[in-house]
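What's in work33.cif: mmCIF, N, CA and C atoms
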data_start
#
loop_
_atom_site.group_PDB
_atom_site.id
_atom_site.type_symbol
_atom_site.label_atom_id
_atom_site.label_comp_id
_atom_site.auth_asym_id
_atom_site.auth_seq_id
_atom_site.Cartn_x
_atom_site.Cartn_y
_atom_site.Cartn_z
ATOM 1 N N MET L 1 45.633 220.848 22.989
ATOM 2 C CA MET L 1 45.681 219.585 22.287
ATOM 3 C C MET L 1 46.233 218.518 23.235
ATOM 4 N N THR L 2 45.571 217.388 23.301
ATOM 5 C CA THR L 2 46.012 216.276 24.131
ATOM 6 C C THR L 2 46.756 215.267 23.274
ATOM 7 N N TYR L 3 47.913 214.855 23.746
ATOM 8 C CA TYR L 3 48.698 213.830 23.068
ATOM 9 C C TYR L 3 48.258 212.476 23.575
ATOM 10 N N VAL L 4 47.948 211.564 22.661
ATOM 11 C CA VAL L 4 47.548 210.207 23.016
ATOM 12 C C VAL L 4 48.741 209.311 22.726
ATOM 13 N N LEU L 5 49.277 208.719 23.790
ATOM 14 C CA LEU L 5 50.478 207.894 23.692
ATOM 15 C C LEU L 5 50.179 206.498 24.194
ATOM 16 N N ARG L 6 50.836 205.525 23.575
ATOM 17 C CA ARG L 6 50.682 204.139 23.997
ATOM 18 C C ARG L 6 52.087 203.557 24.155
ATOM 19 N N LEU L 7 52.384 203.050 25.335
ATOM 20 C CA LEU L 7 53.679 202.438 25.607
ATOM 21 C C LEU L 7 53.492 200.931 25.692
ATOM 22 N N TYR L 8 54.147 200.210 24.800
ATOM 23 C CA TYR L 8 54.088 198.751 24.784
ATOM 24 C C TYR L 8 55.302 198.214 25.530
ATOM 25 N N VAL L 9 55.045 197.360 26.522
ATOM 26 C CA VAL L 9 56.094 196.746 27.317
ATOM 27 C C VAL L 9 55.888 195.237 27.350
ATOM 28 N N ALA L 10 56.939 194.518 27.781
ATOM 29 C CA ALA L 10 56.867 193.058 27.870
ATOM 30 C C ALA L 10 56.962 192.642 29.328
ATOM 31 N N GLY L 11 55.818 192.535 29.974
ATOM 32 C CA GLY L 11 55.781 192.084 31.354
ATOM 33 C C GLY L 11 56.163 193.166 32.345
ATOM 34 N N ALA L 12 56.220 192.767 33.611
ATOM 35 C CA ALA L 12 56.527 193.692 34.703
ATOM 36 C C ALA L 12 58.006 193.600 35.065
ATOM 37 N N THR L 13 58.850 193.808 34.081
ATOM 38 C CA THR L 13 60.291 193.704 34.280
ATOM 39 C C THR L 13 60.874 195.051 34.697
ATOM 40 N N ALA L 14 62.109 195.020 35.129
ATOM 41 C CA ALA L 14 62.804 196.261 35.485
ATOM 42 C C ALA L 14 62.892 197.175 34.260
ATOM 43 N N ARG L 15 63.124 196.609 33.097
ATOM 44 C CA ARG L 15 63.205 197.401 31.862
ATOM 45 C C ARG L 15 61.865 198.071 31.549
ATOM 46 N N SER L 16 60.781 197.356 31.760
ATOM 47 C CA SER L 16 59.447 197.921 31.528
ATOM 48 C C SER L 16 59.166 199.060 32.502
ATOM 49 N N ARG L 17 59.502 198.852 33.764
ATOM 50 C CA ARG L 17 59.293 199.903 34.770
ATOM 51 C C ARG L 17 60.132 201.137 34.457
ATOM 52 N N GLU L 18 61.369 200.935 34.031
ATOM 53 C CA GLU L 18 62.246 202.056 33.687
ATOM 54 C C GLU L 18 61.696 202.800 32.472
ATOM 55 N N ALA L 19 61.193 202.084 31.490
ATOM 56 C CA ALA L 19 60.614 202.724 30.304
ATOM 57 C C ALA L 19 59.407 203.574 30.706
ATOM 58 N N LEU L 20 58.552 203.033 31.547
ATOM 59 C CA LEU L 20 57.374 203.774 31.991
ATOM 60 C C LEU L 20 57.775 205.029 32.767
ATOM 61 N N ARG L 21 58.716 204.885 33.674
ATOM 62 C CA ARG L 21 59.175 206.034 34.452
ATOM 63 C C ARG L 21 59.765 207.107 33.551
ATOM 64 N N SER L 22 60.588 206.703 32.588
ATOM 65 C CA SER L 22 61.218 207.660 31.678
ATOM 66 C C SER L 22 60.184 208.398 30.843
ATOM 67 N N VAL L 23 59.241 207.664 30.279
ATOM 68 C CA VAL L 23 58.203 208.286 29.445
ATOM 69 C C VAL L 23 57.340 209.210 30.294
ATOM 70 N N HIS L 24 56.952 208.763 31.468
ATOM 71 C CA HIS L 24 56.128 209.594 32.350
ATOM 72 C C HIS L 24 56.859 210.889 32.708
ATOM 73 N N ASP L 25 58.127 210.785 33.069
ATOM 74 C CA ASP L 25 58.904 211.971 33.439
ATOM 75 C C ASP L 25 59.000 212.959 32.283
ATOM 76 N N VAL L 26 59.264 212.458 31.086
ATOM 77 C CA VAL L 26 59.375 213.335 29.915
ATOM 78 C C VAL L 26 58.027 213.971 29.598
ATOM 79 N N CYS L 27 56.965 213.189 29.667
ATOM 80 C CA CYS L 27 55.630 213.733 29.383
ATOM 81 C C CYS L 27 55.273 214.832 30.375
ATOM 82 N N GLU L 28 55.538 214.594 31.653
ATOM 83 C CA GLU L 28 55.230 215.605 32.657
ATOM 84 C C GLU L 28 56.030 216.881 32.413
ATOM 85 N N ALA L 29 57.297 216.724 32.048
ATOM 86 C CA ALA L 29 58.159 217.884 31.832
ATOM 87 C C ALA L 29 57.786 218.655 30.570
ATOM 88 N N GLN L 30 57.420 217.942 29.511
ATOM 89 C CA GLN L 30 57.189 218.604 28.231
ATOM 90 C C GLN L 30 55.726 218.867 27.917
ATOM 91 N N LEU L 31 54.830 218.044 28.468
ATOM 92 C CA LEU L 31 53.421 218.166 28.109
ATOM 93 C C LEU L 31 52.525 218.572 29.272
ATOM 94 N N GLY L 32 53.036 218.484 30.480
ATOM 95 C CA GLY L 32 52.194 218.796 31.636
ATOM 96 C C GLY L 32 51.025 217.845 31.714
ATOM 97 N N SER L 33 49.829 218.385 31.673
ATOM 98 C CA SER L 33 48.628 217.538 31.736
ATOM 99 C C SER L 33 48.036 217.285 30.355
ATOM 100 N N ARG L 34 48.769 217.617 29.302
ATOM 101 C CA ARG L 34 48.227 217.496 27.940
ATOM 102 C C ARG L 34 48.528 216.147 27.298
ATOM 103 N N TYR L 35 48.489 215.072 28.069
ATOM 104 C CA TYR L 35 48.742 213.759 27.480
ATOM 105 C C TYR L 35 47.907 212.689 28.157
ATOM 106 N N ASP L 36 47.663 211.629 27.392
ATOM 107 C CA ASP L 36 46.971 210.447 27.881
ATOM 108 C C ASP L 36 47.876 209.275 27.533
ATOM 109 N N LEU L 37 48.448 208.635 28.549
ATOM 110 C CA LEU L 37 49.396 207.541 28.349
ATOM 111 C C LEU L 37 48.742 206.226 28.732
ATOM 112 N N GLN L 38 48.688 205.311 27.785
ATOM 113 C CA GLN L 38 48.180 203.966 28.039
ATOM 114 C C GLN L 38 49.360 203.002 27.973
ATOM 115 N N VAL L 39 49.490 202.161 28.973
ATOM 116 C CA VAL L 39 50.551 201.156 28.995
ATOM 117 C C VAL L 39 49.939 199.814 28.614
ATOM 118 N N VAL L 40 50.544 199.168 27.626
ATOM 119 C CA VAL L 40 50.043 197.884 27.135
ATOM 120 C C VAL L 40 51.118 196.823 27.351
ATOM 121 N N ASP L 41 50.788 195.810 28.139
ATOM 122 C CA ASP L 41 51.685 194.669 28.330
ATOM 123 C C ASP L 41 51.377 193.674 27.207
ATOM 124 N N ILE L 42 52.355 193.437 26.359
ATOM 125 C CA ILE L 42 52.102 192.576 25.194
ATOM 126 C C ILE L 42 51.801 191.140 25.594
ATOM 127 N N TYR L 43 52.192 190.729 26.802
ATOM 128 C CA TYR L 43 51.856 189.393 27.279
ATOM 129 C C TYR L 43 50.386 189.323 27.698
ATOM 130 N N GLN L 44 49.859 190.420 28.221
ATOM 131 C CA GLN L 44 48.464 190.463 28.649
ATOM 132 C C GLN L 44 47.511 190.754 27.499
ATOM 133 N N GLU L 45 47.996 191.510 26.493
ATOM 134 C CA GLU L 45 47.155 191.901 25.357
ATOM 135 C C GLU L 45 47.873 191.647 24.029
ATOM 136 N N PRO L 46 48.160 190.371 23.729
ATOM 137 C CA PRO L 46 48.898 190.061 22.502
ATOM 138 C C PRO L 46 48.155 190.452 21.224
ATOM 139 N N ALA L 47 46.839 190.411 21.238
ATOM 140 C CA ALA L 47 46.074 190.776 20.037
ATOM 141 C C ALA L 47 46.268 192.257 19.705
ATOM 142 N N LEU L 48 46.287 193.101 20.720
ATOM 143 C CA LEU L 48 46.501 194.531 20.491
ATOM 144 C C LEU L 48 47.915 194.786 19.970
ATOM 145 N N ALA L 49 48.880 194.057 20.502
ATOM 146 C CA ALA L 49 50.260 194.192 20.023
ATOM 147 C C ALA L 49 50.366 193.754 18.556
ATOM 148 N N ARG L 50 49.711 192.667 18.203
ATOM 149 C CA ARG L 50 49.724 192.209 16.803
ATOM 150 C C ARG L 50 49.041 193.223 15.900
ATOM 151 N N LYS L 51 47.883 193.712 16.321
ATOM 152 C CA LYS L 51 47.131 194.681 15.526
ATOM 153 C C LYS L 51 47.958 195.945 15.298
ATOM 154 N N SER L 52 48.725 196.336 16.299
ATOM 155 C CA SER L 52 49.544 197.543 16.199
ATOM 156 C C SER L 52 50.920 197.265 15.597
ATOM 157 N N GLN L 53 51.158 196.008 15.229
ATOM 158 C CA GLN L 53 52.401 195.578 14.592
ATOM 159 C C GLN L 53 53.632 195.898 15.440
ATOM 160 N N ILE L 54 53.541 195.574 16.716
ATOM 161 C CA ILE L 54 54.654 195.786 17.629
ATOM 162 C C ILE L 54 55.602 194.605 17.498
ATOM 163 N N VAL L 55 56.863 194.901 17.168
ATOM 164 C CA VAL L 55 57.855 193.842 16.967
ATOM 165 C C VAL L 55 58.951 193.862 18.026
ATOM 166 N N ALA L 56 59.012 194.917 18.832
ATOM 167 C CA ALA L 56 60.029 195.029 19.879
ATOM 168 C C ALA L 56 59.458 195.869 21.017
ATOM 169 N N THR L 57 60.001 195.639 22.210
ATOM 170 C CA THR L 57 59.597 196.451 23.354
ATOM 171 C C THR L 57 60.840 196.987 24.038
ATOM 172 N N PRO L 58 60.748 198.092 24.692
ATOM 173 C CA PRO L 58 59.571 198.944 24.740
ATOM 174 C C PRO L 58 59.387 199.721 23.441
ATOM 175 N N THR L 59 58.131 199.992 23.105
ATOM 176 C CA THR L 59 57.779 200.828 21.955
ATOM 177 C C THR L 59 56.783 201.873 22.420
ATOM 178 N N LEU L 60 57.084 203.120 22.121
ATOM 179 C CA LEU L 60 56.183 204.226 22.424
ATOM 180 C C LEU L 60 55.556 204.689 21.119
ATOM 181 N N VAL L 61 54.232 204.722 21.093
ATOM 182 C CA VAL L 61 53.508 205.141 19.888
ATOM 183 C C VAL L 61 52.722 206.400 20.212
ATOM 184 N N ARG L 62 52.923 207.417 19.393
ATOM 185 C CA ARG L 62 52.100 208.619 19.524
ATOM 186 C C ARG L 62 50.937 208.437 18.552
ATOM 187 N N GLU L 63 49.748 208.229 19.100
ATOM 188 C CA GLU L 63 48.548 208.005 18.292
ATOM 189 C C GLU L 63 47.944 209.324 17.812
ATOM 190 N N ARG L 64 47.940 210.316 18.700
ATOM 191 C CA ARG L 64 47.402 211.637 18.383
ATOM 192 C C ARG L 64 48.344 212.678 18.923
ATOM 193 N N PRO L 65 48.534 213.791 18.296
ATOM 194 C CA PRO L 65 47.987 214.171 17.000
ATOM 195 C C PRO L 65 48.668 213.392 15.872
ATOM 196 N N LEU L 66 47.970 213.331 14.770
ATOM 197 C CA LEU L 66 48.507 212.644 13.601
ATOM 198 C C LEU L 66 49.672 213.434 13.033
ATOM 199 N N PRO L 67 50.590 212.828 12.335
ATOM 200 C CA PRO L 67 50.662 211.412 11.977
ATOM 201 C C PRO L 67 51.149 210.563 13.152
ATOM 202 N N VAL L 68 50.807 209.285 13.098
ATOM 203 C CA VAL L 68 51.248 208.337 14.119
ATOM 204 C C VAL L 68 52.767 208.218 14.027
ATOM 205 N N ARG L 69 53.420 208.233 15.190
ATOM 206 C CA ARG L 69 54.879 208.110 15.260
ATOM 207 C C ARG L 69 55.231 207.000 16.241
ATOM 208 N N ARG L 70 56.371 206.318 15.986
ATOM 209 C CA ARG L 70 56.842 205.235 16.856
ATOM 210 C C ARG L 70 58.273 205.495 17.301
ATOM 211 N N PHE L 71 58.535 205.145 18.540
ATOM 212 C CA PHE L 71 59.872 205.225 19.099
ATOM 213 C C PHE L 71 60.137 203.889 19.757
ATOM 214 N N ILE L 72 61.167 203.192 19.289
ATOM 215 C CA ILE L 72 61.455 201.843 19.760
ATOM 216 C C ILE L 72 62.799 201.834 20.478
ATOM 217 N N GLY L 73 62.820 201.198 21.647
ATOM 218 C CA GLY L 73 64.100 201.026 22.332
ATOM 219 C C GLY L 73 64.207 201.790 23.629
ATOM 220 N N ASN L 74 65.372 202.354 23.871
ATOM 221 C CA ASN L 74 65.702 203.012 25.118
ATOM 222 C C ASN L 74 64.854 204.252 25.326
ATOM 223 N N MET L 75 63.960 204.205 26.301
ATOM 224 C CA MET L 75 63.054 205.331 26.547
ATOM 225 C C MET L 75 63.744 206.496 27.248
ATOM 226 N N MET L 76 65.004 206.334 27.611
ATOM 227 C CA MET L 76 65.754 207.441 28.199
ATOM 228 C C MET L 76 65.857 208.583 27.191
ATOM 229 N N ASN L 77 65.738 208.275 25.905
ATOM 230 C CA ASN L 77 65.809 209.294 24.858
ATOM 231 C C ASN L 77 64.431 209.688 24.350
ATOM 232 N N SER L 78 63.383 209.352 25.097
ATOM 233 C CA SER L 78 62.028 209.643 24.628
ATOM 234 C C SER L 78 61.751 211.131 24.550
ATOM 235 N N GLY L 79 62.517 211.936 25.257
ATOM 236 C CA GLY L 79 62.368 213.384 25.143
ATOM 237 C C GLY L 79 62.654 213.847 23.731
ATOM 238 N N LYS L 80 63.667 213.256 23.108
ATOM 239 C CA LYS L 80 63.979 213.578 21.712
ATOM 240 C C LYS L 80 62.820 213.169 20.817
ATOM 241 N N PHE L 81 62.199 212.036 21.140
ATOM 242 C CA PHE L 81 61.052 211.575 20.368
ATOM 243 C C PHE L 81 59.920 212.590 20.436
ATOM 244 N N LEU L 82 59.585 213.025 21.635
ATOM 245 C CA LEU L 82 58.485 213.975 21.784
ATOM 246 C C LEU L 82 58.824 215.300 21.122
ATOM 247 N N LEU L 83 60.071 215.753 21.258
ATOM 248 C CA LEU L 83 60.462 217.008 20.613
ATOM 249 C C LEU L 83 60.394 216.880 19.098
ATOM 250 N N SER L 84 60.793 215.733 18.579
ATOM 251 C CA SER L 84 60.744 215.547 17.130
ATOM 252 C C SER L 84 59.303 215.477 16.635
ATOM 253 N N CYS L 85 58.373 215.236 17.554
ATOM 254 C CA CYS L 85 56.951 215.189 17.214
ATOM 255 C C CYS L 85 56.274 216.523 17.491
ATOM 256 N N ASP L 86 57.058 217.556 17.756
ATOM 257 C CA ASP L 86 56.527 218.898 18.022
ATOM 258 C C ASP L 86 55.735 218.972 19.308
ATOM 259 N N ALA L 87 56.043 218.105 20.281
ATOM 260 C CA ALA L 87 55.272 218.078 21.514
ATOM 261 C C ALA L 87 55.445 219.342 22.338
ATOM 262 N N GLY L 88 56.605 219.935 22.296
ATOM 263 C CA GLY L 88 56.841 221.092 23.122
ATOM 264 C C GLY L 88 56.299 222.379 22.547
ATOM 265 N N ARG L 89 55.746 222.325 21.359
ATOM 266 C CA ARG L 89 55.284 223.520 20.672
ATOM 267 C C ARG L 89 53.823 223.803 20.976
ATOM 268 N N GLY L 90 53.501 225.016 21.252
ATOM 269 C CA GLY L 90 52.103 225.396 21.474
ATOM 270 C C GLY L 90 51.377 225.538 20.155
ATOM 271 N N ALA L 91 50.071 225.640 20.202
ATOM 272 C CA ALA L 91 49.253 225.695 18.989
ATOM 273 C C ALA L 91 49.573 226.888 18.117
ATOM 274 N N GLY L 92 49.977 228.010 18.729
ATOM 275 C CA GLY L 92 50.251 229.212 17.936
ATOM 276 C C GLY L 92 51.706 229.378 17.556
ATOM 277 N N ASP L 93 52.570 228.467 17.974
ATOM 278 C CA ASP L 93 53.996 228.594 17.681
ATOM 279 C C ASP L 93 54.285 228.250 16.224
ATOM 280 N N SER L 94 55.310 228.854 15.704
ATOM 281 C CA SER L 94 55.688 228.566 14.314
ATOM 282 C C SER L 94 56.594 227.354 14.280
ATOM 283 N N PRO L 95 56.656 226.647 13.139
ATOM 284 C CA PRO L 95 57.448 225.422 13.041
ATOM 285 C C PRO L 95 58.924 225.638 13.158
#
Mind turning the file's structure into structure tokens?
Amino acid sequence: MTYVLRLYVAGATARSREALRSVHDVCEAQLGSRYDLQVVDIYQEPALARKSQIVATPTLVRERPLPVRRFIGNMMNSGKFLLSCDAGRGAGDSP
């Protein structure tokens, strides 16, 4: 199963770069190659941010598998987000 993630950031700031690095590191550690991460700069794509109802950055959205989940704020704790979304569990593992 591939996890589809979208990270919303505000510009090319140090905070945005740190959020991307943190999310990438956690994804590599917990998901290996089982993820697709799209980075969306809300300044470059404001319509997508509005459509997705993004009110703060950074925001990490897990689009797939359902249900959609959001994690807003410090991406240093994004590992907890992925674990709470059952990311570390294989298809045959019990809940």
Can you tell me which residues surround Val9 (chain L) at a distance of at most 8 Å, considering all atoms listed in the file, apart from same-chain residues fewer than 2 positions away, and format the answer as a PDB file with N, CA and C atoms, keeping the file's coordinate frame?
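And here's result-v5.pdb as it stands now:
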ATOM      1  N   ARG L   6      50.836 205.525  23.575  1.00  0.00           N
ATOM      2  CA  ARG L   6      50.682 204.139  23.997  1.00  0.00           C
ATOM      3  C   ARG L   6      52.087 203.557  24.155  1.00  0.00           C
ATOM      4  N   LEU L   7      52.384 203.050  25.335  1.00  0.00           N
ATOM      5  CA  LEU L   7      53.679 202.438  25.607  1.00  0.00           C
ATOM      6  C   LEU L   7      53.492 200.931  25.692  1.00  0.00           C
ATOM      7  N   GLY L  11      55.818 192.535  29.974  1.00  0.00           N
ATOM      8  CA  GLY L  11      55.781 192.084  31.354  1.00  0.00           C
ATOM      9  C   GLY L  11      56.163 193.166  32.345  1.00  0.00           C
ATOM     10  N   ALA L  12      56.220 192.767  33.611  1.00  0.00           N
ATOM     11  CA  ALA L  12      56.527 193.692  34.703  1.00  0.00           C
ATOM     12  C   ALA L  12      58.006 193.600  35.065  1.00  0.00           C
ATOM     13  N   THR L  13      58.850 193.808  34.081  1.00  0.00           N
ATOM     14  CA  THR L  13      60.291 193.704  34.280  1.00  0.00           C
ATOM     15  C   THR L  13      60.874 195.051  34.697  1.00  0.00           C
ATOM     16  N   ARG L  15      63.124 196.609  33.097  1.00  0.00           N
ATOM     17  CA  ARG L  15      63.205 197.401  31.862  1.00  0.00           C
ATOM     18  C   ARG L  15      61.865 198.071  31.549  1.00  0.00           C
ATOM     19  N   SER L  16      60.781 197.356  31.760  1.00  0.00           N
ATOM     20  CA  SER L  16      59.447 197.921  31.528  1.00  0.00           C
ATOM     21  C   SER L  16      59.166 199.060  32.502  1.00  0.00           C
ATOM     22  N   ARG L  17      59.502 198.852  33.764  1.00  0.00           N
ATOM     23  CA  ARG L  17      59.293 199.903  34.770  1.00  0.00           C
ATOM     24  C   ARG L  17      60.132 201.137  34.457  1.00  0.00           C
ATOM     25  N   LEU L  20      58.552 203.033  31.547  1.00  0.00           N
ATOM     26  CA  LEU L  20      57.374 203.774  31.991  1.00  0.00           C
ATOM     27  C   LEU L  20      57.775 205.029  32.767  1.00  0.00           C
ATOM     28  N   VAL L  39      49.490 202.161  28.973  1.00  0.00           N
ATOM     29  CA  VAL L  39      50.551 201.156  28.995  1.00  0.00           C
ATOM     30  C   VAL L  39      49.939 199.814  28.614  1.00  0.00           C
ATOM     31  N   VAL L  40      50.544 199.168  27.626  1.00  0.00           N
ATOM     32  CA  VAL L  40      50.043 197.884  27.135  1.00  0.00           C
ATOM     33  C   VAL L  40      51.118 196.823  27.351  1.00  0.00           C
ATOM     34  N   ASP L  41      50.788 195.810  28.139  1.00  0.00           N
ATOM     35  CA  ASP L  41      51.685 194.669  28.330  1.00  0.00           C
ATOM     36  C   ASP L  41      51.377 193.674  27.207  1.00  0.00           C
ATOM     37  N   ILE L  42      52.355 193.437  26.359  1.00  0.00           N
ATOM     38  CA  ILE L  42      52.102 192.576  25.194  1.00  0.00           C
ATOM     39  C   ILE L  42      51.801 191.140  25.594  1.00  0.00           C
ATOM     40  N   TYR L  43      52.192 190.729  26.802  1.00  0.00           N
ATOM     41  CA  TYR L  43      51.856 189.393  27.279  1.00  0.00           C
ATOM     42  C   TYR L  43      50.386 189.323  27.698  1.00  0.00           C
ATOM     43  N   GLN L  44      49.859 190.420  28.221  1.00  0.00           N
ATOM     44  CA  GLN L  44      48.464 190.463  28.649  1.00  0.00           C
ATOM     45  C   GLN L  44      47.511 190.754  27.499  1.00  0.00           C
ATOM     46  N   ALA L  56      59.012 194.917  18.832  1.00  0.00           N
ATOM     47  CA  ALA L  56      60.029 195.029  19.879  1.00  0.00           C
ATOM     48  C   ALA L  56      59.458 195.869  21.017  1.00  0.00           C
ATOM     49  N   THR L  57      60.001 195.639  22.210  1.00  0.00           N
ATOM     50  CA  THR L  57      59.597 196.451  23.354  1.00  0.00           C
ATOM     51  C   THR L  57      60.840 196.987  24.038  1.00  0.00           C
ATOM     52  N   PRO L  58      60.748 198.092  24.692  1.00  0.00           N
ATOM     53  CA  PRO L  58      59.571 198.944  24.740  1.00  0.00           C
ATOM     54  C   PRO L  58      59.387 199.721  23.441  1.00  0.00           C
ATOM     55  N   THR L  59      58.131 199.992  23.105  1.00  0.00           N
ATOM     56  CA  THR L  59      57.779 200.828  21.955  1.00  0.00           C
ATOM     57  C   THR L  59      56.783 201.873  22.420  1.00  0.00           C
ATOM     58  N   LEU L  60      57.084 203.120  22.121  1.00  0.00           N
ATOM     59  CA  LEU L  60      56.183 204.226  22.424  1.00  0.00           C
ATOM     60  C   LEU L  60      55.556 204.689  21.119  1.00  0.00           C
TER      61      LEU L  60
END
Quiz item: Taking the file as shown, what set of residues would the PyMOL selection byres (((chain L and resi 22 and name CA) around 12) and name CA) give back, as a VMD selection string?
Solution: chain L and resid 7 15 to 21 23 to 29 58 60 73 to 81
Box in all listed atoms of region 49-65 of chain L, axis-aligned, with 4 Å more on each side; write out centre and edge lengths in Å to one decimal as lines of an AutoDock Vina configuration file.
center_x = 54.0
center_y = 203.2
center_z = 19.7
size_x = 21.7
size_y = 30.0
size_z = 18.1
Quiz prompt | Picked from region 28-68 of chain L by DSSP as strand (DSSP E or B), as a list in words | solution =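 Answer for region 28-68 of chain L, restricted to strand (DSSP E or B): Tyr35, Asp36, Leu37, Gln38, Val39, Val40, Asp41, Thr59, Leu60, Val61, Arg62, Glu63 and Arg64 of chain L.
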Quiz prompt | Pairwise distance for CA of Arg70 (chain L) and CA of Tyr8 (chain L), rounded to one decimal in Å | solution =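 Calculated distance between CA of Arg70 (chain L) and CA of Tyr8 (chain L) is 10.6 Å.
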Exercise. Identify the residues within 7 Å of coordinate (48.5, 219.3, 27.3) (same frame as the file), considering all atoms listed in the file, and give the answer as a ChimeraX atom specification.
Key: /L:1-3,31-35
Exercise. Just the alpha helix (DSSP H) stuff from region 16-87 of chain L, please, per backbone DSSP, written as a list in words.
Key: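 So, restricting region 16-87 of chain L to alpha helix (DSSP H), we get Ser16, Arg17, Glu18, Ala19, Leu20, Arg21, Ser22, Val23, His24, Asp25, Val26, Cys27, Glu28, Ala29, Gln30, Leu31, Pro46, Ala47, Leu48, Ala49, Arg50, Lys51, Ser78, Gly79, Lys80, Phe81, Leu82, Leu83 and Ser84 of chain L.
Atom pair CA of Leu37 (chain L) / atom C of Ala49 (chain L) has a distance of 16.9 Å (rounded to one decimal).
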Quiz prompt | One-decimal distance in Å that lies between CA of Ala47 (chain L) and atom N of Ala10 (chain L) | solution = 13.9 Å
